[in-house]
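Listing of upload-v7.txt; format and content: compact mmCIF, C-alpha atoms (C1' of nucleotides).
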```
# COMPACT_ATOMS: atom_id res chain seq x y z
CA MET A 1 100.45 20.68 250.17
CA LYS A 2 100.76 22.17 246.77
CA PRO A 3 100.32 19.88 243.82
CA PRO A 4 103.75 18.38 243.37
CA PHE A 5 106.19 19.44 240.70
CA GLU A 6 105.65 23.14 240.71
CA LYS A 7 108.98 24.80 240.83
CA ASN A 8 109.50 28.48 240.88
CA ALA A 9 110.70 30.26 237.84
CA GLY A 10 113.69 32.10 239.28
CA ARG A 11 116.15 33.13 236.65
CA ARG A 12 119.82 33.71 236.51
CA ALA A 13 121.53 36.64 234.88
CA SER A 14 124.16 35.87 232.31
CA ARG A 15 127.60 37.04 233.22
CA PRO A 16 128.76 40.26 231.66
CA SER A 17 130.60 39.74 228.37
CA PHE A 18 128.40 36.81 227.51
CA GLU A 19 125.24 37.15 225.49
CA PRO A 20 122.21 36.81 227.76
CA LEU A 21 119.65 34.25 226.66
CA ALA A 22 117.32 35.40 223.90
CA PRO A 23 113.57 35.12 224.47
CA HIS A 24 113.20 31.93 222.51
CA GLU A 25 116.13 30.43 224.33
CA LEU A 26 114.52 31.27 227.65
CA GLU A 27 111.31 29.71 226.47
CA LEU A 28 113.03 26.47 225.58
CA ALA A 29 114.83 26.51 228.91
CA ASP A 30 111.47 26.83 230.67
CA PHE A 31 110.22 23.86 228.75
CA PHE A 32 113.17 21.68 229.69
CA VAL A 33 113.16 22.86 233.28
CA ARG A 34 109.51 21.90 233.54
CA MET A 35 109.99 18.50 232.02
CA ALA A 36 113.07 17.87 234.12
CA GLY A 37 111.08 18.84 237.19
CA ILE A 38 108.71 15.97 236.57
CA LEU A 39 111.66 13.63 236.67
CA GLY A 40 113.24 15.32 239.66
CA VAL A 41 116.17 16.72 237.75
CA PRO A 42 117.42 20.10 239.03
CA ARG A 43 116.92 23.23 237.02
CA SER A 44 120.60 23.90 236.49
CA VAL A 45 120.95 20.60 234.68
CA ALA A 46 117.92 21.31 232.53
CA GLU A 47 119.21 24.76 231.70
CA ILE A 48 122.52 23.40 230.53
CA TYR A 49 120.88 20.76 228.40
CA SER A 50 118.50 23.29 226.94
CA LEU A 51 121.30 25.65 226.01
CA LEU A 52 123.24 22.89 224.30
CA TYR A 53 120.09 21.74 222.59
CA ILE A 54 119.37 25.05 220.92
CA SER A 55 122.94 26.11 220.25
CA LEU A 56 124.23 26.41 216.73
CA LYS A 57 127.44 24.64 217.60
CA PRO A 58 129.01 22.77 220.53
CA LEU A 59 129.77 24.98 223.54
CA ASP A 60 132.64 24.89 225.95
CA PHE A 61 132.59 25.09 229.74
CA ASP A 62 133.10 28.84 229.90
CA GLN A 63 130.44 29.65 227.37
CA ILE A 64 127.93 27.57 229.28
CA GLN A 65 128.89 29.17 232.55
CA GLY A 66 128.89 32.62 231.06
CA ARG A 67 125.64 32.56 229.18
CA LEU A 68 123.73 30.91 232.00
CA GLY A 69 125.38 32.97 234.72
CA MET A 70 125.99 29.83 236.68
CA SER A 71 128.77 28.82 239.04
CA LYS A 72 131.65 26.64 237.96
CA GLY A 73 130.57 23.97 240.37
CA SER A 74 127.08 23.76 238.94
CA VAL A 75 128.32 23.60 235.39
CA SER A 76 130.77 20.87 236.29
CA GLN A 77 128.18 18.81 238.12
CA GLY A 78 125.52 19.40 235.54
CA LEU A 79 127.78 18.29 232.72
CA LYS A 80 128.78 15.26 234.73
CA PHE A 81 125.17 14.26 235.20
CA LEU A 82 124.30 14.74 231.55
CA ARG A 83 127.44 12.90 230.50
CA ASP A 84 126.70 9.99 232.84
CA GLN A 85 123.17 9.77 231.51
CA GLY A 86 124.51 9.70 228.00
CA MET A 87 122.61 12.84 227.13
CA ILE A 88 125.53 14.88 225.87
CA LEU A 89 128.77 14.23 224.01
CA SER A 90 131.93 16.21 223.62
CA VAL A 91 134.35 16.94 220.86
CA LYS A 92 137.70 18.64 221.12
CA GLU A 93 139.35 21.12 218.89
CA LYS A 94 142.91 20.06 218.29
CA GLY A 95 145.53 22.02 220.15
CA SER A 96 143.20 22.72 223.05
CA ARG A 97 142.23 20.78 226.15
CA ARG A 98 138.82 22.36 226.08
CA GLU A 99 135.86 20.08 225.56
CA LEU A 100 132.97 21.27 223.41
CA TRP A 101 129.60 19.87 224.38
CA HIS A 102 126.55 19.05 222.32
CA PRO A 103 123.44 16.91 222.86
CA THR A 104 123.51 13.28 221.78
CA PRO A 105 121.52 12.74 218.61
CA SER A 106 118.66 10.84 220.21
CA LEU A 107 116.77 12.66 222.92
CA ALA A 108 114.48 9.64 223.09
CA ALA A 109 117.33 7.34 224.02
CA SER A 110 118.46 9.85 226.62
CA LEU A 111 115.08 9.96 228.26
CA VAL A 112 114.90 6.20 228.29
CA SER A 113 118.22 6.07 230.05
CA LEU A 114 117.01 8.58 232.61
CA LEU A 115 113.83 6.65 233.25
CA ARG A 116 115.74 3.42 233.60
CA SER A 117 118.04 4.84 236.18
CA GLN A 118 115.09 6.16 238.13
CA VAL A 119 112.48 3.47 238.17
CA LEU A 120 114.32 0.22 237.59
CA PRO A 121 116.09 0.23 240.97
CA ALA A 122 112.81 0.99 242.69
CA LEU A 123 111.08 -1.89 240.96
CA GLU A 124 113.90 -4.27 241.75
CA GLN A 125 114.06 -3.42 245.40
CA ALA A 126 110.30 -3.64 245.67
CA SER A 127 109.98 -7.23 244.61
CA PRO A 128 111.37 -8.99 247.69
CA ALA A 129 109.93 -6.30 249.92
CA LEU A 130 106.42 -6.97 248.70
CA GLN A 131 106.97 -10.68 249.23
CA ARG A 132 107.92 -9.96 252.83
CA VAL A 133 104.77 -7.90 253.22
CA LEU A 134 102.70 -10.82 252.00
CA ASP A 135 104.52 -13.14 254.38
CA GLY A 136 103.86 -10.68 257.17
CA VAL A 137 100.09 -10.53 257.04
CA GLN A 138 98.47 -13.34 258.90
CA SER A 139 96.15 -14.77 256.31
CA ASP A 140 93.72 -15.96 258.96
CA LYS A 141 93.08 -12.50 260.32
CA THR A 142 93.34 -10.57 257.07
CA PRO A 143 90.21 -10.12 254.97
CA PRO A 144 90.43 -11.62 251.48
CA GLU A 145 89.98 -8.20 249.95
CA VAL A 146 93.17 -6.93 251.55
CA LEU A 147 95.09 -10.07 250.64
CA GLU A 148 93.94 -9.61 247.09
CA ARG A 149 95.06 -5.98 247.08
CA LEU A 150 98.51 -6.94 248.25
CA SER A 151 99.08 -9.81 245.89
CA ARG A 152 97.82 -7.77 242.97
CA LEU A 153 100.49 -5.22 243.86
CA LYS A 154 103.12 -7.92 243.83
CA ARG A 155 101.94 -9.29 240.51
CA TRP A 156 102.09 -5.82 238.98
CA ASN A 157 105.55 -5.31 240.23
CA ASN A 158 106.71 -8.60 238.76
CA ARG A 159 105.06 -7.86 235.48
CA ALA A 160 106.67 -4.43 235.37
CA LEU A 161 110.06 -5.97 236.04
CA GLU A 162 109.59 -8.39 233.15
CA LEU A 163 108.33 -5.75 230.79
CA PHE A 164 110.87 -3.12 231.57
CA PRO A 165 113.83 -4.57 229.69
CA LEU A 166 111.60 -5.12 226.69
CA LEU A 167 110.30 -1.59 226.56
CA LEU A 168 113.51 0.11 227.51
CA PRO A 169 116.41 -2.02 226.39
CA PRO A 170 119.63 -1.35 228.30
CA PRO A 171 122.26 0.57 226.36
CA PRO A 172 124.84 -1.68 224.72
CA GLU A 173 127.85 -1.83 227.01
CA ALA A 174 131.37 -1.14 225.84
CA MET B 1 124.36 16.37 242.75
CA LYS B 2 123.05 13.09 243.96
CA PRO B 3 121.09 11.00 241.53
CA PRO B 4 117.58 12.37 241.80
CA PHE B 5 114.80 10.68 243.77
CA GLU B 6 116.69 9.53 246.75
CA LYS B 7 114.80 10.53 249.82
CA ASN B 8 115.91 9.75 253.28
CA ALA B 9 114.26 7.03 255.23
CA GLY B 10 113.42 8.95 258.41
CA ARG B 11 110.66 7.37 260.40
CA ARG B 12 108.00 8.66 262.71
CA ALA B 13 107.07 7.12 266.02
CA SER B 14 103.43 6.23 266.51
CA ARG B 15 101.73 8.14 269.28
CA PRO B 16 101.35 6.36 272.56
CA SER B 17 98.08 4.43 272.81
CA PHE B 18 98.19 3.63 269.14
CA GLU B 19 99.74 0.47 267.83
CA PRO B 20 103.06 1.25 266.12
CA LEU B 21 103.42 -0.07 262.60
CA ALA B 22 104.26 -3.75 262.35
CA PRO B 23 107.32 -4.76 260.30
CA HIS B 24 105.32 -5.73 257.25
CA GLU B 25 103.39 -2.48 257.46
CA LEU B 26 106.65 -0.56 257.57
CA GLU B 27 107.87 -2.48 254.58
CA LEU B 28 104.81 -1.60 252.54
CA ALA B 29 105.12 2.01 253.60
CA ASP B 30 108.70 2.03 252.34
CA PHE B 31 107.50 0.68 249.04
CA PHE B 32 104.84 3.34 248.62
CA VAL B 33 107.13 6.11 249.81
CA ARG B 34 109.67 5.06 247.22
CA MET B 35 107.18 4.92 244.41
CA ALA B 36 105.63 8.20 245.46
CA GLY B 37 109.08 9.72 245.48
CA ILE B 38 109.43 9.01 241.78
CA LEU B 39 106.30 11.03 241.19
CA GLY B 40 107.27 13.79 243.59
CA VAL B 41 104.62 12.96 246.14
CA PRO B 42 105.65 13.65 249.73
CA ARG B 43 106.28 10.83 252.13
CA SER B 44 103.48 11.73 254.50
CA VAL B 45 100.98 11.23 251.71
CA ALA B 46 102.50 7.90 250.74
CA GLU B 47 102.48 6.76 254.35
CA ILE B 48 98.81 7.52 254.73
CA TYR B 49 97.93 5.73 251.53
CA SER B 50 100.03 2.76 252.50
CA LEU B 51 98.36 2.47 255.89
CA LEU B 52 94.91 2.57 254.36
CA TYR B 53 96.00 0.10 251.73
CA ILE B 54 97.03 -2.57 254.19
CA SER B 55 94.40 -1.96 256.84
CA LEU B 56 91.77 -4.53 257.56
CA LYS B 57 89.03 -1.95 257.63
CA PRO B 58 88.57 1.77 256.90
CA LEU B 59 90.40 4.07 259.33
CA ASP B 60 89.38 7.40 260.77
CA PHE B 61 91.39 10.58 261.09
CA ASP B 62 92.61 9.90 264.61
CA GLN B 63 93.70 6.36 263.89
CA ILE B 64 95.74 7.55 260.94
CA GLN B 65 97.28 10.33 262.94
CA GLY B 66 97.93 8.07 265.89
CA ARG B 67 99.44 5.11 264.16
CA LEU B 68 101.65 7.19 261.92
CA GLY B 69 102.57 9.66 264.63
CA MET B 70 101.85 12.50 262.27
CA SER B 71 100.52 16.00 262.85
CA LYS B 72 96.88 16.86 262.30
CA GLY B 73 97.83 19.25 259.55
CA SER B 74 99.71 16.61 257.62
CA VAL B 75 96.90 14.10 257.93
CA SER B 76 94.39 16.66 256.78
CA GLN B 77 96.44 17.73 253.80
CA GLY B 78 97.42 14.22 252.92
CA LEU B 79 93.82 13.05 252.93
CA LYS B 80 92.84 16.06 250.86
CA PHE B 81 95.45 15.22 248.26
CA LEU B 82 94.47 11.57 248.09
CA ARG B 83 90.81 12.49 247.98
CA ASP B 84 91.36 15.02 245.18
CA GLN B 85 93.29 12.44 243.20
CA GLY B 86 90.47 9.99 243.65
CA MET B 87 92.78 7.58 245.41
CA ILE B 88 90.73 7.13 248.56
CA LEU B 89 87.06 7.07 249.50
CA SER B 90 85.23 7.50 252.76
CA VAL B 91 82.29 5.91 254.44
CA LYS B 92 80.56 7.09 257.57
CA GLU B 93 79.21 5.14 260.46
CA LYS B 94 75.76 6.41 261.24
CA GLY B 95 75.48 8.53 264.31
CA SER B 96 78.98 9.91 263.88
CA ARG B 97 80.46 12.70 261.84
CA ARG B 98 83.69 10.80 261.55
CA GLU B 99 84.78 9.73 258.12
CA LEU B 100 86.38 6.34 257.66
CA TRP B 101 88.87 6.14 254.83
CA HIS B 102 89.83 3.33 252.54
CA PRO B 103 91.64 3.08 249.19
CA THR B 104 89.57 3.20 246.01
CA PRO B 105 89.30 -0.22 244.42
CA SER B 106 91.51 0.48 241.46
CA LEU B 107 95.05 1.51 242.22
CA ALA B 108 95.66 1.56 238.48
CA ALA B 109 93.02 4.22 237.96
CA SER B 110 94.50 6.18 240.82
CA LEU B 111 97.95 6.16 239.33
CA VAL B 112 96.58 7.22 235.99
CA SER B 113 94.88 10.15 237.63
CA LEU B 114 98.11 11.11 239.34
CA LEU B 115 100.06 10.94 236.11
CA ARG B 116 97.44 12.98 234.32
CA SER B 117 97.58 15.71 236.87
CA GLN B 118 101.36 15.81 236.67
CA VAL B 119 102.27 15.58 233.03
CA LEU B 120 99.24 16.74 231.12
CA PRO B 121 99.51 20.38 232.21
CA ALA B 122 103.19 20.35 231.33
CA LEU B 123 102.48 18.99 227.87
CA GLU B 124 99.71 21.48 227.29
CA GLN B 125 101.72 24.48 228.30
CA ALA B 126 104.64 23.27 226.25
CA SER B 127 102.85 23.23 222.93
CA PRO B 128 102.55 26.97 222.26
CA ALA B 129 105.88 27.55 223.97
CA LEU B 130 107.68 25.28 221.56
CA GLN B 131 105.98 27.00 218.67
CA ARG B 132 107.29 30.32 219.94
CA VAL B 133 110.75 28.82 220.15
CA LEU B 134 110.53 27.75 216.53
CA ASP B 135 109.33 31.20 215.56
CA GLY B 136 112.22 32.66 217.49
CA VAL B 137 115.12 31.01 215.74
CA GLN B 138 116.10 32.77 212.58
CA SER B 139 116.02 29.98 210.06
CA ASP B 140 118.67 31.63 207.93
CA LYS B 141 121.27 31.58 210.67
CA THR B 142 120.28 28.31 212.29
CA PRO B 143 121.86 25.11 211.01
CA PRO B 144 119.37 22.58 209.65
CA GLU B 145 120.38 20.10 212.34
CA VAL B 146 119.24 22.42 215.11
CA LEU B 147 116.02 23.27 213.30
CA GLU B 148 115.38 19.57 212.94
CA ARG B 149 115.99 19.00 216.66
CA LEU B 150 113.54 21.68 217.60
CA SER B 151 110.76 20.65 215.30
CA ARG B 152 111.14 17.05 216.30
CA LEU B 153 110.60 18.19 219.85
CA LYS B 154 107.43 19.99 218.85
CA ARG B 155 106.17 16.99 216.91
CA TRP B 156 106.74 14.77 219.91
CA ASN B 157 104.91 17.10 222.14
CA ASN B 158 101.94 17.23 219.80
CA ARG B 159 101.91 13.50 219.45
CA ALA B 160 102.03 13.07 223.20
CA LEU B 161 99.13 15.46 223.59
CA GLU B 162 97.07 13.48 221.11
CA LEU B 163 97.96 10.16 222.62
CA PHE B 164 97.45 11.09 226.20
CA PRO B 165 93.66 11.10 226.29
CA LEU B 166 93.66 7.76 224.51
CA LEU B 167 95.99 6.06 226.93
CA LEU B 168 94.67 7.69 230.04
CA PRO B 169 91.03 8.58 229.55
CA PRO B 170 89.86 11.38 231.82
CA PRO B 171 87.62 10.31 234.69
CA PRO B 172 83.93 10.66 233.89
CA GLU B 173 82.76 13.96 235.33
CA ALA B 174 79.76 14.25 237.61
C1' DG C 1 159.68 18.57 233.32
C1' DC C 2 156.86 22.69 234.56
C1' DG C 3 153.42 26.12 234.48
C1' DT C 4 148.91 26.67 233.94
C1' DA C 5 144.49 25.99 231.48
C1' DA C 6 140.68 23.26 232.48
C1' DG C 7 137.91 21.06 235.36
C1' DT C 8 136.53 18.78 239.93
C1' DT C 9 135.34 18.54 244.75
C1' DC C 10 133.04 19.54 248.73
C1' DA C 11 131.85 22.27 252.84
C1' DA C 12 129.09 26.17 253.54
C1' DA C 13 125.27 29.14 252.08
C1' DT C 14 120.74 29.53 249.83
C1' DA C 15 116.60 28.15 248.21
C1' DT C 16 112.84 25.04 248.15
C1' DT C 17 109.62 21.81 250.03
C1' DA C 18 107.31 19.38 253.67
C1' DA C 19 105.59 19.02 258.43
C1' DT C 20 103.85 21.02 262.57
C1' DG C 21 100.44 22.90 265.67
C1' DA C 22 97.58 26.38 267.31
C1' DA C 23 93.81 29.12 265.98
C1' DG C 24 89.77 29.11 263.15
C1' DA C 25 85.78 27.16 260.56
C1' DT C 26 81.98 23.85 260.02
C1' DA C 27 78.24 21.11 260.69
C1' DC C 28 75.95 17.60 263.15
C1' DA C 29 73.97 15.39 267.29
C1' DT C 30 71.37 16.74 270.69
C1' DA D 1 69.94 26.95 268.72
C1' DT D 2 74.26 25.53 270.65
C1' DG D 3 78.21 23.04 272.13
C1' DT D 4 81.57 20.43 270.54
C1' DA D 5 83.65 16.78 267.75
C1' DT D 6 85.87 16.97 263.60
C1' DC D 7 88.41 18.80 260.40
C1' DT D 8 90.97 22.76 257.81
C1' DT D 9 94.10 26.61 257.29
C1' DC D 10 98.23 28.71 257.27
C1' DA D 11 102.18 31.06 259.47
C1' DT D 12 106.13 29.09 261.45
C1' DT D 13 109.70 25.65 261.83
C1' DA D 14 112.22 21.82 260.25
C1' DA D 15 114.09 19.03 256.72
C1' DT D 16 116.06 18.52 252.04
C1' DA D 17 117.87 19.77 247.89
C1' DT D 18 120.54 22.82 245.10
C1' DT D 19 124.02 26.16 244.23
C1' DT D 20 128.13 28.48 245.13
C1' DG D 21 133.06 29.37 245.32
C1' DA D 22 137.49 28.67 246.84
C1' DA D 23 140.89 25.15 247.34
C1' DC D 24 142.49 21.28 245.03
C1' DT D 25 143.73 18.06 241.15
C1' DT D 26 144.97 16.72 236.59
C1' DA D 27 147.12 16.51 232.36
C1' DC D 28 148.39 19.04 228.24
C1' DG D 29 151.05 22.26 225.51
C1' DC D 30 155.17 24.20 225.55
```
Could I get this file's structure written as structure tokens?
Amino acid sequence: MKPPFEKNAGRRASRPSFEPLAPHELELADFFVRMAGILGVPRSVAEIYSLLYISLKPLDFDQIQGRLGMSKGSVSQGLKFLRDQGMILSVKEKGSRRELWHPTPSLAASLVSLLRSQVLPALEQASPALQRVLDGVQSDKTPPEVLERLSRLKRWNNRALELFPLLLPPPPEA
Amino acid sequence: MKPPFEKNAGRRASRPSFEPLAPHELELADFFVRMAGILGVPRSVAEIYSLLYISLKPLDFDQIQGRLGMSKGSVSQGLKFLRDQGMILSVKEKGSRRELWHPTPSLAASLVSLLRSQVLPALEQASPALQRVLDGVQSDKTPPEVLERLSRLKRWNNRALELFPLLLPPPPEA
DNA sequence: GCGTAAGTTCAAATATTAATGAAGATACAT
DNA sequence: ATGTATCTTCATTAATATTTGAACTTACGC
């Protein structure tokens, strides 16, 4: 097994008639792709975010597709993901249906939202499961050391569940 | 795209002549597999760790392979990973070459080591890269808002790099 | 209202990652 | 010293995840 999280560095070519990414834009894309990799977010999503992040003004669907040389489907799904995570916002020019995308002001808040969506469900599901594990070991046959291991795990999980909303407050709902 | 981090819940069958996993053992395995998934660690590795974690006494290679119904290669690589991360230790019974594996006492320390190995390299590589990005944008053409975004990113990265060793001290070397 | 710009969906194709197993290395008990 | 138990390696196969693109939907500008 390789150490996890290494992804290859395959690159797309921008479509003709769109400016290919400049070196510093590629570099930023690499950065975001790497970071996204740690969180299990696909490269296409990271590339889109990166492009919006470094762009002088909001970009529309076609510009994103064109400059990244990416399929329509990927752009659509990538934008959906970023939108759902609250990481990007759109504006419209009047007289056009086109949406123009740009990053939300706070990257920090975006990351928090991502983390929430990833780890909170895991923590929540774990709590009763760990209780069932504890119920499952016969305490007469199980050495105290193992019992201790397991209940420590449960305590941690509970603590994490308590702490989580404090550290990463849920976004205010509409 | 599915929300990241969902892995399927496929299960192995234990090899004949080895006790299959009991329900509470399966439950703990699910927990560890889930958590490992968040960090991009493969399920086979999580299963091995989980089995050692709940076992009454240290297990040898064959017991691990047998109870999990896993290939030799996977057991070998999984143990290597866990060993390298400092998450498991071995003892030997005298008169046998066999190693008996058990989890290291501190799961916390183990997780810290895992995190280190995952995010520290990314942070380190990012630092000069982000500087190059900043050098790459022509500050005359780039709106102040974008410049601000980019330098904030760099500041964060630097801060994270400073903080990291404080939060997660490196293991004392031999 | 209607034509079409603008975007979405999803089944199929590709790319990536993990698991397997047979052949090879190692070192210890004898 | 040697035979073999014990483990490792790695090319192959299997499983998953991501991307593509063509068919479909939607809703706006006219």
Inset, instruction - Please measure the separation of atom CA of B:Arg149 and atom CA of A:Leu51, giving the value in Å to one decimal. - result: 12.6 Å
Please tabulate, as CSV, the residues of chain B that come within 8 Å of chain C, each with its closest pair of atoms and the distance in Å to one decimal, counting all atoms listed in the file and ordering rows by chain, then residue number upward.
```
residue,atom,partner,partner_atom,distance
B:Pro42,CA,C:DA18,C1',7.1
B:Ser71,CA,C:DT20,C1',6.0
B:Lys72,CA,C:DG21,C1',7.8
B:Gly73,CA,C:DT20,C1',7.0
B:Ser74,CA,C:DA19,C1',6.4
B:Gly95,CA,C:DA29,C1',7.6
B:Arg97,CA,C:DC28,C1',6.8
```
Return as a tab-separated table the residues of chain D lying at most 7 Å from chain A, together with the closest atom-to-atom pair for each and the distance in Å to one decimal, counting all atoms listed in the file, with rows in chain order and ascending residue number.
```
residue	atom	partner	partner_atom	distance
D:DT19	C1'	A:Ser74	CA	6.6
D:DT20	C1'	A:Ser71	CA	6.1
D:DC28	C1'	A:Arg97	CA	6.7
```
Each residue of chain A lying at most 6 Å from chain B should get a row with its shortest atom-to-atom pair and the distance in Å to one decimal, counting only C-alpha atoms; could you produce that, ordered by chain and increasing number, as a tab-separated table?
```
residue	atom	partner	partner_atom	distance
A:Pro4	CA	B:Gly40	CA	5.8
A:His24	CA	B:Val133	CA	4.6
A:Gly40	CA	B:Pro4	CA	5.7
A:Val133	CA	B:His24	CA	4.6
A:Gly136	CA	B:His24	CA	5.2
```
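As for atom CA of A:Lys94 and atom C1' of D:DC24, they are spaced 26.8 Å apart.
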